[in-house]
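J.: Sharing coords-v2.cif here; it has mmCIF, N, CA, C and O atoms.
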```cif
data_run
#
loop_
_atom_site.group_PDB
_atom_site.id
_atom_site.type_symbol
_atom_site.label_atom_id
_atom_site.label_comp_id
_atom_site.auth_asym_id
_atom_site.auth_seq_id
_atom_site.Cartn_x
_atom_site.Cartn_y
_atom_site.Cartn_z
ATOM 1 N N MET A 1425 -15.322 -1.209 8.527
ATOM 2 C CA MET A 1425 -14.050 -1.774 8.892
ATOM 3 C C MET A 1425 -13.085 -1.711 7.707
ATOM 4 O O MET A 1425 -11.923 -1.403 7.882
ATOM 5 N N ARG A 1426 -13.610 -2.023 6.517
ATOM 6 C CA ARG A 1426 -12.752 -1.950 5.324
ATOM 7 C C ARG A 1426 -12.280 -0.523 5.075
ATOM 8 O O ARG A 1426 -11.158 -0.299 4.640
ATOM 9 N N GLU A 1427 -13.130 0.438 5.359
ATOM 10 C CA GLU A 1427 -12.758 1.841 5.204
ATOM 11 C C GLU A 1427 -11.648 2.212 6.191
ATOM 12 O O GLU A 1427 -10.721 2.951 5.849
ATOM 13 N N ALA A 1428 -11.733 1.680 7.398
ATOM 14 C CA ALA A 1428 -10.689 1.930 8.398
ATOM 15 C C ALA A 1428 -9.357 1.365 7.928
ATOM 16 O O ALA A 1428 -8.312 2.008 8.066
ATOM 17 N N VAL A 1429 -9.387 0.158 7.360
ATOM 18 C CA VAL A 1429 -8.158 -0.458 6.849
ATOM 19 C C VAL A 1429 -7.561 0.405 5.744
ATOM 20 O O VAL A 1429 -6.357 0.661 5.721
ATOM 21 N N ALA A 1430 -8.404 0.886 4.838
ATOM 22 C CA ALA A 1430 -7.921 1.719 3.734
ATOM 23 C C ALA A 1430 -7.312 3.021 4.249
ATOM 24 O O ALA A 1430 -6.336 3.522 3.695
ATOM 25 N N THR A 1431 -7.863 3.567 5.311
ATOM 26 C CA THR A 1431 -7.334 4.800 5.893
ATOM 27 C C THR A 1431 -6.042 4.551 6.655
ATOM 28 O O THR A 1431 -5.097 5.342 6.581
ATOM 29 N N LEU A 1432 -5.980 3.444 7.383
ATOM 30 C CA LEU A 1432 -4.818 3.151 8.222
ATOM 31 C C LEU A 1432 -3.604 2.667 7.447
ATOM 32 O O LEU A 1432 -2.474 2.888 7.872
ATOM 33 N N LEU A 1433 -3.817 2.001 6.330
ATOM 34 C CA LEU A 1433 -2.703 1.399 5.592
ATOM 35 C C LEU A 1433 -1.616 2.401 5.223
ATOM 36 O O LEU A 1433 -0.450 2.159 5.528
ATOM 37 N N PRO A 1434 -1.920 3.540 4.593
ATOM 38 C CA PRO A 1434 -0.825 4.455 4.255
ATOM 39 C C PRO A 1434 -0.140 5.061 5.476
ATOM 40 O O PRO A 1434 1.060 5.321 5.451
ATOM 41 N N ILE A 1435 -0.881 5.247 6.556
ATOM 42 C CA ILE A 1435 -0.277 5.784 7.780
ATOM 43 C C ILE A 1435 0.669 4.755 8.384
ATOM 44 O O ILE A 1435 1.793 5.067 8.782
ATOM 45 N N ALA A 1436 0.223 3.500 8.435
ATOM 46 C CA ALA A 1436 1.035 2.432 9.014
ATOM 47 C C ALA A 1436 2.275 2.146 8.183
ATOM 48 O O ALA A 1436 3.312 1.747 8.713
ATOM 49 N N ALA A 1437 2.196 2.341 6.885
ATOM 50 C CA ALA A 1437 3.321 2.032 6.003
ATOM 51 C C ALA A 1437 4.438 3.069 6.105
ATOM 52 O O ALA A 1437 5.585 2.773 5.752
ATOM 53 N N ASN A 1438 4.138 4.262 6.571
ATOM 54 C CA ASN A 1438 5.153 5.304 6.707
ATOM 55 C C ASN A 1438 5.852 5.207 8.050
ATOM 56 O O ASN A 1438 5.271 4.746 9.022
ATOM 57 N N SER A 1439 7.072 5.651 8.101
ATOM 58 C CA SER A 1439 7.817 5.605 9.359
ATOM 59 C C SER A 1439 7.737 6.964 10.061
ATOM 60 O O SER A 1439 8.720 7.658 10.215
ATOM 61 N N VAL A 1440 6.532 7.333 10.438
ATOM 62 C CA VAL A 1440 6.305 8.566 11.179
ATOM 63 C C VAL A 1440 5.821 8.202 12.579
ATOM 64 O O VAL A 1440 5.523 7.041 12.867
ATOM 65 N N ALA A 1441 5.724 9.186 13.419
ATOM 66 C CA ALA A 1441 5.320 8.932 14.807
ATOM 67 C C ALA A 1441 3.955 8.257 14.897
ATOM 68 O O ALA A 1441 3.718 7.448 15.786
ATOM 69 N N ALA A 1442 3.062 8.557 13.972
ATOM 70 C CA ALA A 1442 1.710 7.987 14.014
ATOM 71 C C ALA A 1442 1.667 6.553 13.513
ATOM 72 O O ALA A 1442 0.644 5.885 13.642
ATOM 73 N N SER A 1443 2.753 6.056 12.940
ATOM 74 C CA SER A 1443 2.700 4.717 12.350
ATOM 75 C C SER A 1443 2.552 3.619 13.399
ATOM 76 O O SER A 1443 1.939 2.598 13.127
ATOM 77 N N GLY A 1444 3.088 3.798 14.604
ATOM 78 C CA GLY A 1444 2.961 2.778 15.654
ATOM 79 C C GLY A 1444 1.510 2.504 16.020
ATOM 80 O O GLY A 1444 1.026 1.372 15.917
ATOM 81 N N PRO A 1445 0.770 3.530 16.442
ATOM 82 C CA PRO A 1445 -0.647 3.314 16.747
ATOM 83 C C PRO A 1445 -1.444 2.856 15.525
ATOM 84 O O PRO A 1445 -2.369 2.051 15.650
ATOM 85 N N ALA A 1446 -1.080 3.343 14.340
ATOM 86 C CA ALA A 1446 -1.786 2.927 13.128
ATOM 87 C C ALA A 1446 -1.545 1.449 12.848
ATOM 88 O O ALA A 1446 -2.453 0.746 12.395
ATOM 89 N N LEU A 1447 -0.331 0.959 13.108
ATOM 90 C CA LEU A 1447 -0.039 -0.468 12.917
ATOM 91 C C LEU A 1447 -0.894 -1.335 13.830
ATOM 92 O O LEU A 1447 -1.445 -2.354 13.410
ATOM 93 N N VAL A 1448 -0.990 -0.940 15.086
ATOM 94 C CA VAL A 1448 -1.806 -1.695 16.043
ATOM 95 C C VAL A 1448 -3.267 -1.689 15.605
ATOM 96 O O VAL A 1448 -3.930 -2.733 15.587
ATOM 97 N N SER A 1449 -3.761 -0.531 15.220
ATOM 98 C CA SER A 1449 -5.154 -0.423 14.758
ATOM 99 C C SER A 1449 -5.388 -1.243 13.506
ATOM 100 O O SER A 1449 -6.423 -1.901 13.363
ATOM 101 N N LEU A 1450 -4.419 -1.232 12.598
ATOM 102 C CA LEU A 1450 -4.526 -2.011 11.366
ATOM 103 C C LEU A 1450 -4.582 -3.506 11.663
ATOM 104 O O LEU A 1450 -5.372 -4.237 11.070
ATOM 105 N N MET A 1451 -3.763 -3.958 12.616
ATOM 106 C CA MET A 1451 -3.785 -5.382 12.974
ATOM 107 C C MET A 1451 -5.114 -5.779 13.601
ATOM 108 O O MET A 1451 -5.642 -6.850 13.319
ATOM 109 N N ILE A 1452 -5.672 -4.915 14.429
ATOM 110 C CA ILE A 1452 -6.980 -5.200 15.042
ATOM 111 C C ILE A 1452 -8.060 -5.274 13.966
ATOM 112 O O ILE A 1452 -8.885 -6.195 13.961
ATOM 113 N N ALA A 1453 -8.052 -4.324 13.047
ATOM 114 C CA ALA A 1453 -9.050 -4.319 11.973
ATOM 115 C C ALA A 1453 -8.893 -5.534 11.067
ATOM 116 O O ALA A 1453 -9.884 -6.172 10.685
ATOM 117 N N ALA A 1454 -7.654 -5.883 10.724
ATOM 118 C CA ALA A 1454 -7.411 -7.052 9.871
ATOM 119 C C ALA A 1454 -7.865 -8.333 10.568
ATOM 120 O O ALA A 1454 -8.476 -9.202 9.945
ATOM 121 N N ALA A 1455 -7.594 -8.440 11.855
ATOM 122 C CA ALA A 1455 -8.028 -9.630 12.602
ATOM 123 C C ALA A 1455 -9.550 -9.720 12.649
ATOM 124 O O ALA A 1455 -10.119 -10.804 12.500
ATOM 125 N N ALA A 1456 -10.210 -8.587 12.831
ATOM 126 C CA ALA A 1456 -11.682 -8.581 12.870
ATOM 127 C C ALA A 1456 -12.270 -8.985 11.526
ATOM 128 O O ALA A 1456 -13.260 -9.720 11.470
ATOM 129 N N LEU A 1457 -11.664 -8.526 10.443
ATOM 130 C CA LEU A 1457 -12.170 -8.895 9.115
ATOM 131 C C LEU A 1457 -11.902 -10.351 8.777
ATOM 132 O O LEU A 1457 -12.667 -10.975 8.047
ATOM 133 N N ARG A 1458 -10.820 -10.904 9.304
ATOM 134 C CA ARG A 1458 -10.511 -12.318 9.032
ATOM 135 C C ARG A 1458 -11.452 -13.265 9.762
ATOM 136 O O ARG A 1458 -11.703 -14.377 9.314
ATOM 137 N N ARG A 1459 -11.993 -12.831 10.902
ATOM 138 C CA ARG A 1459 -12.871 -13.688 11.699
ATOM 139 C C ARG A 1459 -14.224 -13.759 11.020
ATOM 140 O O ARG A 1459 -14.895 -12.752 10.865
ATOM 141 N N GLU A 1460 -14.605 -14.927 10.588
ATOM 142 C CA GLU A 1460 -15.870 -15.093 9.862
ATOM 143 C C GLU A 1460 -16.906 -15.803 10.720
ATOM 144 O O GLU A 1460 -17.518 -16.785 10.308
ATOM 145 N N GLU A 1461 -17.082 -15.299 11.916
ATOM 146 C CA GLU A 1461 -18.079 -15.820 12.837
ATOM 147 C C GLU A 1461 -18.346 -14.765 13.897
ATOM 148 O O GLU A 1461 -17.578 -13.818 14.028
ATOM 149 N N SER A 1462 -19.423 -14.934 14.614
ATOM 150 C CA SER A 1462 -19.696 -14.076 15.756
ATOM 151 C C SER A 1462 -19.238 -14.816 17.000
ATOM 152 O O SER A 1462 -19.506 -15.996 17.175
ATOM 153 N N ARG A 1463 -18.498 -14.113 17.846
ATOM 154 C CA ARG A 1463 -17.985 -14.729 19.067
ATOM 155 C C ARG A 1463 -17.905 -13.664 20.148
ATOM 156 O O ARG A 1463 -17.257 -12.648 19.961
ATOM 157 N N GLY A 1464 -18.587 -13.910 21.262
ATOM 158 C CA GLY A 1464 -18.556 -12.964 22.366
ATOM 159 C C GLY A 1464 -19.089 -11.604 21.954
ATOM 160 O O GLY A 1464 -20.146 -11.481 21.345
ATOM 161 N N ALA A 1465 -18.325 -10.555 22.261
ATOM 162 C CA ALA A 1465 -18.747 -9.198 21.939
ATOM 163 C C ALA A 1465 -18.520 -8.868 20.463
ATOM 164 O O ALA A 1465 -18.996 -7.850 19.984
ATOM 165 N N HIS A 1466 -17.802 -9.723 19.768
ATOM 166 C CA HIS A 1466 -17.543 -9.489 18.344
ATOM 167 C C HIS A 1466 -18.667 -10.127 17.534
ATOM 168 O O HIS A 1466 -18.639 -11.310 17.224
ATOM 169 N N CYS A 1467 -19.682 -9.340 17.218
ATOM 170 C CA CYS A 1467 -20.834 -9.846 16.478
ATOM 171 C C CYS A 1467 -20.820 -9.263 15.074
ATOM 172 O O CYS A 1467 -20.755 -8.056 14.904
ATOM 173 N N ARG A 1468 -20.830 -10.136 14.079
ATOM 174 C CA ARG A 1468 -20.821 -9.695 12.682
ATOM 175 C C ARG A 1468 -22.170 -9.963 12.057
ATOM 176 O O ARG A 1468 -22.701 -11.073 12.131
ATOM 177 N N SER A 1469 -22.745 -8.944 11.430
ATOM 178 C CA SER A 1469 -24.045 -9.120 10.785
ATOM 179 C C SER A 1469 -23.930 -10.010 9.544
ATOM 180 O O SER A 1469 -24.885 -10.696 9.184
ATOM 181 N N ASP A 1470 -22.757 -10.022 8.895
ATOM 182 C CA ASP A 1470 -22.584 -10.863 7.712
ATOM 183 C C ASP A 1470 -22.216 -12.306 8.073
ATOM 184 O O ASP A 1470 -22.336 -13.196 7.251
ATOM 185 N N PHE A 1471 -21.782 -12.549 9.308
ATOM 186 C CA PHE A 1471 -21.497 -13.895 9.808
ATOM 187 C C PHE A 1471 -22.089 -14.003 11.211
ATOM 188 O O PHE A 1471 -21.367 -13.967 12.204
ATOM 189 N N PRO A 1472 -23.422 -14.116 11.340
ATOM 190 C CA PRO A 1472 -24.057 -14.047 12.652
ATOM 191 C C PRO A 1472 -23.914 -15.310 13.517
ATOM 192 O O PRO A 1472 -24.143 -15.249 14.713
ATOM 193 N N LEU A 1473 -23.528 -16.426 12.928
ATOM 194 C CA LEU A 1473 -23.487 -17.671 13.689
ATOM 195 C C LEU A 1473 -22.168 -17.868 14.416
ATOM 196 O O LEU A 1473 -21.114 -17.422 13.982
ATOM 197 N N HIS A 1474 -22.244 -18.587 15.522
ATOM 198 C CA HIS A 1474 -21.080 -18.948 16.334
ATOM 199 C C HIS A 1474 -20.561 -20.297 15.840
ATOM 200 O O HIS A 1474 -21.325 -21.247 15.711
ATOM 201 N N ASP A 1475 -19.285 -20.390 15.546
ATOM 202 C CA ASP A 1475 -18.685 -21.638 15.082
ATOM 203 C C ASP A 1475 -18.194 -22.434 16.287
ATOM 204 O O ASP A 1475 -17.327 -21.977 17.029
ATOM 205 N N ALA A 1476 -18.755 -23.617 16.492
ATOM 206 C CA ALA A 1476 -18.366 -24.446 17.633
ATOM 207 C C ALA A 1476 -16.955 -25.013 17.467
ATOM 208 O O ALA A 1476 -16.307 -25.374 18.444
ATOM 209 N N ASN A 1477 -16.483 -25.110 16.245
ATOM 210 C CA ASN A 1477 -15.133 -25.624 15.977
ATOM 211 C C ASN A 1477 -14.135 -24.470 15.980
ATOM 212 O O ASN A 1477 -13.745 -23.967 14.943
ATOM 213 N N VAL A 1478 -13.734 -24.081 17.176
ATOM 214 C CA VAL A 1478 -12.789 -22.974 17.310
ATOM 215 C C VAL A 1478 -11.431 -23.440 16.813
ATOM 216 O O VAL A 1478 -10.951 -24.508 17.169
ATOM 217 N N ARG A 1479 -10.854 -22.628 15.956
ATOM 218 C CA ARG A 1479 -9.511 -22.949 15.500
ATOM 219 C C ARG A 1479 -8.610 -21.760 15.821
ATOM 220 O O ARG A 1479 -8.997 -20.606 15.628
ATOM 221 N N PRO A 1480 -7.440 -22.047 16.327
ATOM 222 C CA PRO A 1480 -6.550 -20.942 16.677
ATOM 223 C C PRO A 1480 -6.128 -20.175 15.428
ATOM 224 O O PRO A 1480 -6.054 -20.731 14.333
ATOM 225 N N SER A 1481 -5.883 -18.916 15.605
ATOM 226 C CA SER A 1481 -5.430 -18.111 14.487
ATOM 227 C C SER A 1481 -4.181 -17.355 14.897
ATOM 228 O O SER A 1481 -3.934 -17.115 16.072
ATOM 229 N N ARG A 1482 -3.431 -16.988 13.914
ATOM 230 C CA ARG A 1482 -2.196 -16.244 14.159
ATOM 231 C C ARG A 1482 -2.122 -15.118 13.134
ATOM 232 O O ARG A 1482 -2.267 -15.349 11.936
ATOM 233 N N LEU A 1483 -1.919 -13.930 13.611
ATOM 234 C CA LEU A 1483 -1.811 -12.777 12.737
ATOM 235 C C LEU A 1483 -0.484 -12.091 13.026
ATOM 236 O O LEU A 1483 -0.222 -11.688 14.155
ATOM 237 N N THR A 1484 0.347 -11.987 12.031
ATOM 238 C CA THR A 1484 1.611 -11.278 12.163
ATOM 239 C C THR A 1484 1.476 -9.907 11.517
ATOM 240 O O THR A 1484 0.535 -9.657 10.759
ATOM 241 N N LEU A 1485 2.425 -9.050 11.793
ATOM 242 C CA LEU A 1485 2.420 -7.731 11.164
ATOM 243 C C LEU A 1485 2.481 -7.874 9.648
ATOM 244 O O LEU A 1485 1.754 -7.207 8.923
ATOM 245 N N HIS A 1486 3.313 -8.798 9.176
ATOM 246 C CA HIS A 1486 3.450 -9.019 7.739
ATOM 247 C C HIS A 1486 2.114 -9.466 7.120
ATOM 248 O O HIS A 1486 1.692 -8.937 6.095
ATOM 249 N N SER A 1487 1.442 -10.423 7.755
ATOM 250 C CA SER A 1487 0.180 -10.913 7.191
ATOM 251 C C SER A 1487 -0.915 -9.848 7.285
ATOM 252 O O SER A 1487 -1.779 -9.752 6.407
ATOM 253 N N ALA A 1488 -0.894 -9.009 8.325
ATOM 254 C CA ALA A 1488 -1.878 -7.929 8.442
ATOM 255 C C ALA A 1488 -1.664 -6.885 7.347
ATOM 256 O O ALA A 1488 -2.625 -6.423 6.727
ATOM 257 N N MET A 1489 -0.412 -6.539 7.081
ATOM 258 C CA MET A 1489 -0.116 -5.565 6.022
ATOM 259 C C MET A 1489 -0.494 -6.126 4.658
ATOM 260 O O MET A 1489 -1.049 -5.420 3.816
ATOM 261 N N ARG A 1490 -0.221 -7.411 4.442
ATOM 262 C CA ARG A 1490 -0.566 -8.052 3.166
ATOM 263 C C ARG A 1490 -2.088 -8.082 2.974
ATOM 264 O O ARG A 1490 -2.594 -7.767 1.902
ATOM 265 N N ALA A 1491 -2.817 -8.440 4.027
ATOM 266 C CA ALA A 1491 -4.278 -8.490 3.948
ATOM 267 C C ALA A 1491 -4.856 -7.091 3.730
ATOM 268 O O ALA A 1491 -5.786 -6.911 2.942
ATOM 269 N N ALA A 1492 -4.295 -6.094 4.395
ATOM 270 C CA ALA A 1492 -4.769 -4.718 4.230
ATOM 271 C C ALA A 1492 -4.511 -4.228 2.815
ATOM 272 O O ALA A 1492 -5.365 -3.573 2.208
ATOM 273 N N ALA A 1493 -3.348 -4.551 2.264
ATOM 274 C CA ALA A 1493 -3.041 -4.137 0.890
ATOM 275 C C ALA A 1493 -3.992 -4.804 -0.090
ATOM 276 O O ALA A 1493 -4.456 -4.167 -1.043
ATOM 277 N N ALA A 1494 -4.317 -6.074 0.141
ATOM 278 C CA ALA A 1494 -5.251 -6.784 -0.737
ATOM 279 C C ALA A 1494 -6.641 -6.154 -0.654
ATOM 280 O O ALA A 1494 -7.307 -5.968 -1.678
ATOM 281 N N LEU A 1495 -7.096 -5.804 0.541
ATOM 282 C CA LEU A 1495 -8.398 -5.142 0.694
ATOM 283 C C LEU A 1495 -8.392 -3.787 0.019
ATOM 284 O O LEU A 1495 -9.360 -3.401 -0.634
ATOM 285 N N ASP A 1496 -7.313 -3.054 0.150
ATOM 286 C CA ASP A 1496 -7.201 -1.736 -0.455
ATOM 287 C C ASP A 1496 -7.228 -1.842 -1.972
ATOM 288 O O ASP A 1496 -7.860 -1.046 -2.641
ATOM 289 N N CYS A 1497 -6.568 -2.850 -2.524
ATOM 290 C CA CYS A 1497 -6.574 -3.062 -3.981
ATOM 291 C C CYS A 1497 -7.982 -3.384 -4.470
ATOM 292 O O CYS A 1497 -8.423 -2.864 -5.486
ATOM 293 N N ARG A 1498 -8.686 -4.236 -3.749
ATOM 294 C CA ARG A 1498 -10.053 -4.596 -4.157
ATOM 295 C C ARG A 1498 -10.961 -3.374 -4.100
ATOM 296 O O ARG A 1498 -11.810 -3.198 -4.961
ATOM 297 N N ALA A 1499 -10.797 -2.512 -3.099
ATOM 298 C CA ALA A 1499 -11.615 -1.308 -2.995
ATOM 299 C C ALA A 1499 -11.323 -0.371 -4.151
ATOM 300 O O ALA A 1499 -12.242 0.246 -4.711
ATOM 301 N N THR A 1500 -10.073 -0.267 -4.554
ATOM 302 C CA THR A 1500 -9.703 0.591 -5.669
ATOM 303 C C THR A 1500 -10.303 0.072 -6.961
ATOM 304 O O THR A 1500 -10.829 0.827 -7.782
ATOM 305 N N ILE A 1501 -10.267 -1.234 -7.153
ATOM 306 C CA ILE A 1501 -10.809 -1.848 -8.367
ATOM 307 C C ILE A 1501 -12.311 -1.630 -8.430
ATOM 308 O O ILE A 1501 -12.860 -1.302 -9.473
ATOM 309 N N ARG A 1502 -13.013 -1.784 -7.297
ATOM 310 C CA ARG A 1502 -14.472 -1.604 -7.275
ATOM 311 C C ARG A 1502 -14.865 -0.165 -7.562
ATOM 312 O O ARG A 1502 -15.899 0.086 -8.145
ATOM 313 N N SER A 1503 -14.047 0.792 -7.128
ATOM 314 C CA SER A 1503 -14.435 2.194 -7.306
ATOM 315 C C SER A 1503 -14.165 2.728 -8.700
ATOM 316 O O SER A 1503 -14.647 3.780 -9.056
ATOM 317 N N THR A 1504 -13.385 1.999 -9.506
ATOM 318 C CA THR A 1504 -13.101 2.477 -10.876
ATOM 319 C C THR A 1504 -14.093 1.932 -11.857
ATOM 320 O O THR A 1504 -14.871 1.107 -11.631
#
```
Take the structure from the file and write it as C-alpha cells.

T.:
Amino acid sequence: MREAVATLLPIAANSVAASGPALVSLMIAAAALRREESRGAHCRSDFPLHDANVRPSRLTLHSAMRAAAALDCRATIRST
C-alpha cells in the first residue's frame, strides 16, 4: 500500500488527465493506511483486531496529499 502511495503521489500532484483517477486512488490508499484496525473486508495483518469503539473519520484531499507526502518522505529516508 505504501508503494502504491509513492507511485500515485507524483501522478496525482500533476495536472494531467491521469491525475483525477490517481487522486481518487491516492485517497483510498491513504484512508486504508490510516485505519488501524480490521473491519469487514478490510483486514490488516499488522492490525488484526476489530475496534469496538468506532470513531468517525474524515479524509479530505488536502489531508490525503499531506499524508502521502509524509509517507513518501519516510520511504526516501529509509532507502538512503

J.: Taking all atoms listed in the file into account, which of A:Glu1460, A:Ala1428, A:Leu1450, A:Pro1445 comes nearest Leu1485 in chain A?

T.: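 Among the listed residues, the smallest separation from Leu1485 in chain A belongs to A:Leu1450.
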
J.: Expressed in Å to a single decimal, how great is the separation between CA of Ala1493 in chain A and atom O of Arg1468 in chain A?

T.: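 So the two atoms, CA of Ala1493 in chain A and atom O of Arg1468 in chain A, lie 23.7 Å apart.
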
J.: Provide the atom O of Glu1461 in chain A to atom C of Glu1427 in chain A distance in Å, to one decimal place.

T.: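 Interatomic distance, atom O of Glu1461 in chain A to atom C of Glu1427 in chain A: 18.8 Å.
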
J.: As an exercise, work out the distance from CA of Ser1462 in chain A to CA of Leu1495 in chain A in Å and give it to one decimal place.

T.: 20.8 Å

J.: Might you pull out every residue within 8 Å of range 1454-1459 of chain A, with only N, CA, C and O atoms counted and same-chain residues fewer than 6 positions away left off, and present them as a list in words?

T.: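 Selected residues are Met1425, Arg1426, Ala1428, Val1429, Leu1447, Val1448, His1466, Arg1468, Asp1470, Phe1471, Leu1483, Ser1487, Ala1488, Met1489, Ala1491 and Ala1492 of chain A.
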
J.: For Met1451 in chain A, which residue among A:His1486, A:Asn1438, A:Pro1472, A:Asn1477 is the nearest when counting only C-alpha atoms?

T.: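 Checking each of A:His1486, A:Asn1438, A:Pro1472, A:Asn1477 against Met1451 in chain A, counting only C-alpha atoms, the winner is A:His1486.
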
J.: Write out as number ranges by chain all residues of chain A that backbone DSSP assigns to helix (DSSP H, G or I).

T.: A: 1426-1437, 1443-1458, 1485-1503
